[in-house]
Each structure stands twice: as structure tokens, then as C-alpha cells.
Amino acid sequence: DTEVTQTPKHLVMGMTNKKSLKCEQHMGHRAMYWYKQKAKKPPELMFVYSYEKLSINESVPSRFSPECPNSSLLNLHLHALQPEDSALYLCASSQREMGGAETQYFGPGTRLLVL
Amino acid sequence: EDQVTQSPEALRLQEGESSSLNCSYTVSGLRGLFWYRQDPGKGPEFLFTLYSAGEEKEKERLKATLTKKESFLHITAPKPEDSATYLCAVQQGSSNTGKLIFGQGTTLQVKP
């Protein structure tokens, strides 16, 4: 099973709201990722968690706050977003392979609209 | 600088008309090259991982090949359901973070 689940599928929020995106995997993967994808563009890496520790933050604005409560769950907390943050937010996971290629498996995404 | 370039940007085929998508890369040491398929509004679906030059992998009508500078995704006798955006990505050899460098994608449309 190579399934990554994400909730909600769609989210509409105002610029003063606080919301959270959730991601879950049960493949025993020890690396989890958040990506942002705009229309007709490839996914853009935001954060990487490795063994539940934040290992990469690609200079993402502080209005996006990631959290990894355990090895199966990943959250993205959203606060005071801007309309330009509207996008498809993707979660992915991979097995940690020291020295080897790590295949990432993506979830279906959360379509976010900021009004 | 590590870079991935995909061509063409868009491709229109008739059903049954075979063709190839190209992914050229420059990376300081290749750990792996990945192909994904993405339907509109959905997450990328994993297709193949290629590790070293000369490697080939097949799945139904798709075949991926790898050289030291590029990868090809060959589509044999495509069907309308193969219409999607195909993304190529590489992982750098020195990276221990799993970070992917994506190309811009090739949007394939197969007409019946």
C-alpha cells in the first residue's frame, strides 16, 4: 500500500482565519514533506521532516507552521494567509534510504482558496 | 547549478501514435531520477525510479530509460486515458534530505 491521505480536500478561508491541513501515511516512512503547487507549475518544496524533526524549511513565511506529532502524521497550520497563498498543497512521504534514492509518494492534495 | 528541463512543454497525439517525452538534467551526482504522472487537481502519481545510466523500466504502455544526461519516457500506442502532465524529478547524490528537483512538466493530450 502506497497511500498518503490528506484532509480536507478543499478549504476556503479568509485572511484572518486559522486552519490546519492534515496528512497521514501508514507505510512506515520516516520522511514527510509539504509542497505548494500553483497551476501549470511543478510542486515547490516547503518543508521536510526527517524522523519527526524539521530538516528543511525553504524560507517559507511564518504564516505557515508545520508540525509532525508522530512518524505517521504531518500537519500544516495556516494563519493570516494572503490571496496569493491559494494553491494545491501536497503532502508526500518517503522511506529514509541512507545513500540510496528515496521515492516520494504523494497524497491527493488540499485545494486552498484564500479570500 | 542543478537543473531539470523537460521537452516538449505540450504534446498532442492521436490515439495509437507512439512518441517520447524528454527529461534533460544536470546534477552533481545523481542519486535517482523519478517520473510522475499528474492529473488536473490531483497529486502526482509515482511511475518509475531510475538509478543509473542504462537502466530501463516498463509499466503497461510506458517505458522509461536513463542515460548520463537525460531520460526518456516512451509511450507506445497511447490511449486517451494517458492524457496527463508527466513530471520528471532528480535527487542529487549528496542530498540526504530526499529533496527533489522538478522539471516544468510535459502536458500530454491523446485524442481518440
# chains A, B, ... in the order shown; residues from 1 in each chain; ligands from 1

call {"tool": "interface_residues", "arguments": {"of": "chain B", "to": "chain A", "cutoff": "7 Å", "atoms": "only C-alpha atoms", "output": "PyMOL selection string"}}
result
chain B and resi 31-32+42-46+49+91+96+98+102-105

call {"tool": "select_by_dssp", "arguments": {"residues": "chain A", "states": "strand (DSSP E or B)", "output": "ChimeraX atom specification"}}
result
/A:4-7,10-13,18-25,31-37,44-50,53-57,64-70,73-79,87-94,105-106,110-114

call {"tool": "atom_distance", "arguments": {"atom1": "atom CA of Trp34 of chain A", "atom2": "atom CA of Phe34 of chain B"}}
result
17.9 Å

call {"tool": "residues_around", "arguments": {"residues": "segment 1-14 of chain B", "least_positions_apart": "4", "cutoff": "6 Å", "atoms": "only C-alpha atoms", "output": "number ranges by chain"}}
result
B: 22-27, 103, 105-111

call {"tool": "atom_distance", "arguments": {"atom1": "atom CA of Gly29 of chain B", "atom2": "atom CA of Leu54 of chain A"}}
result
24.7 Å

call {"tool": "atom_distance", "arguments": {"atom1": "atom CA of Leu50 of chain B", "atom2": "atom CA of Leu87 of chain B"}}
result
13.8 Å

call {"tool": "residues_around", "arguments": {"residues": "Ser71 of chain A", "least_positions_apart": "5", "cutoff": "7 Å", "atoms": "only C-alpha atoms", "output": "PyMOL selection string"}}
result
chain A and resi 30+51-52

call {"tool": "write_last_selection", "arguments": {"atoms": "N, CA, C and O atoms", "output": "mmCIF file, in the first residue's frame"}}
result
data_model
loop_
_atom_site.group_PDB
_atom_site.id
_atom_site.type_symbol
_atom_site.label_atom_id
_atom_site.label_comp_id
_atom_site.auth_asym_id
_atom_site.auth_seq_id
_atom_site.Cartn_x
_atom_site.Cartn_y
_atom_site.Cartn_z
ATOM 1 N N ARG A 30 9.821 7.455 7.135
ATOM 2 C CA ARG A 30 10.359 8.318 8.193
ATOM 3 C C ARG A 30 10.663 9.719 7.697
ATOM 4 O O ARG A 30 11.217 10.532 8.445
ATOM 5 N N TYR A 51 12.570 11.780 10.512
ATOM 6 C CA TYR A 51 12.474 11.197 11.853
ATOM 7 C C TYR A 51 11.842 12.190 12.835
ATOM 8 O O TYR A 51 12.337 12.410 13.937
ATOM 9 N N GLU A 52 10.755 12.794 12.360
ATOM 10 C CA GLU A 52 9.916 13.720 13.141
ATOM 11 C C GLU A 52 10.599 15.031 13.499
ATOM 12 O O GLU A 52 10.072 15.815 14.305
#

call {"tool": "residues_around", "arguments": {"residues": "Phe48 of chain B", "least_positions_apart": "4", "cutoff": "8 Å", "atoms": "only C-alpha atoms", "output": "count of residues only"}}
result
5

call {"tool": "closest_residue", "arguments": {"among": "B:Ala53, B:Ala89, B:Leu21, B:Gly16", "to": "Leu73 of chain B", "atoms": "only C-alpha atoms"}}
result
B:Leu21

call {"tool": "closest_residue", "arguments": {"among": "A:Met27, A:Met46, A:Cys68, A:Met13", "to": "Pro83 of chain A", "atoms": "only C-alpha atoms"}}
result
A:Met13
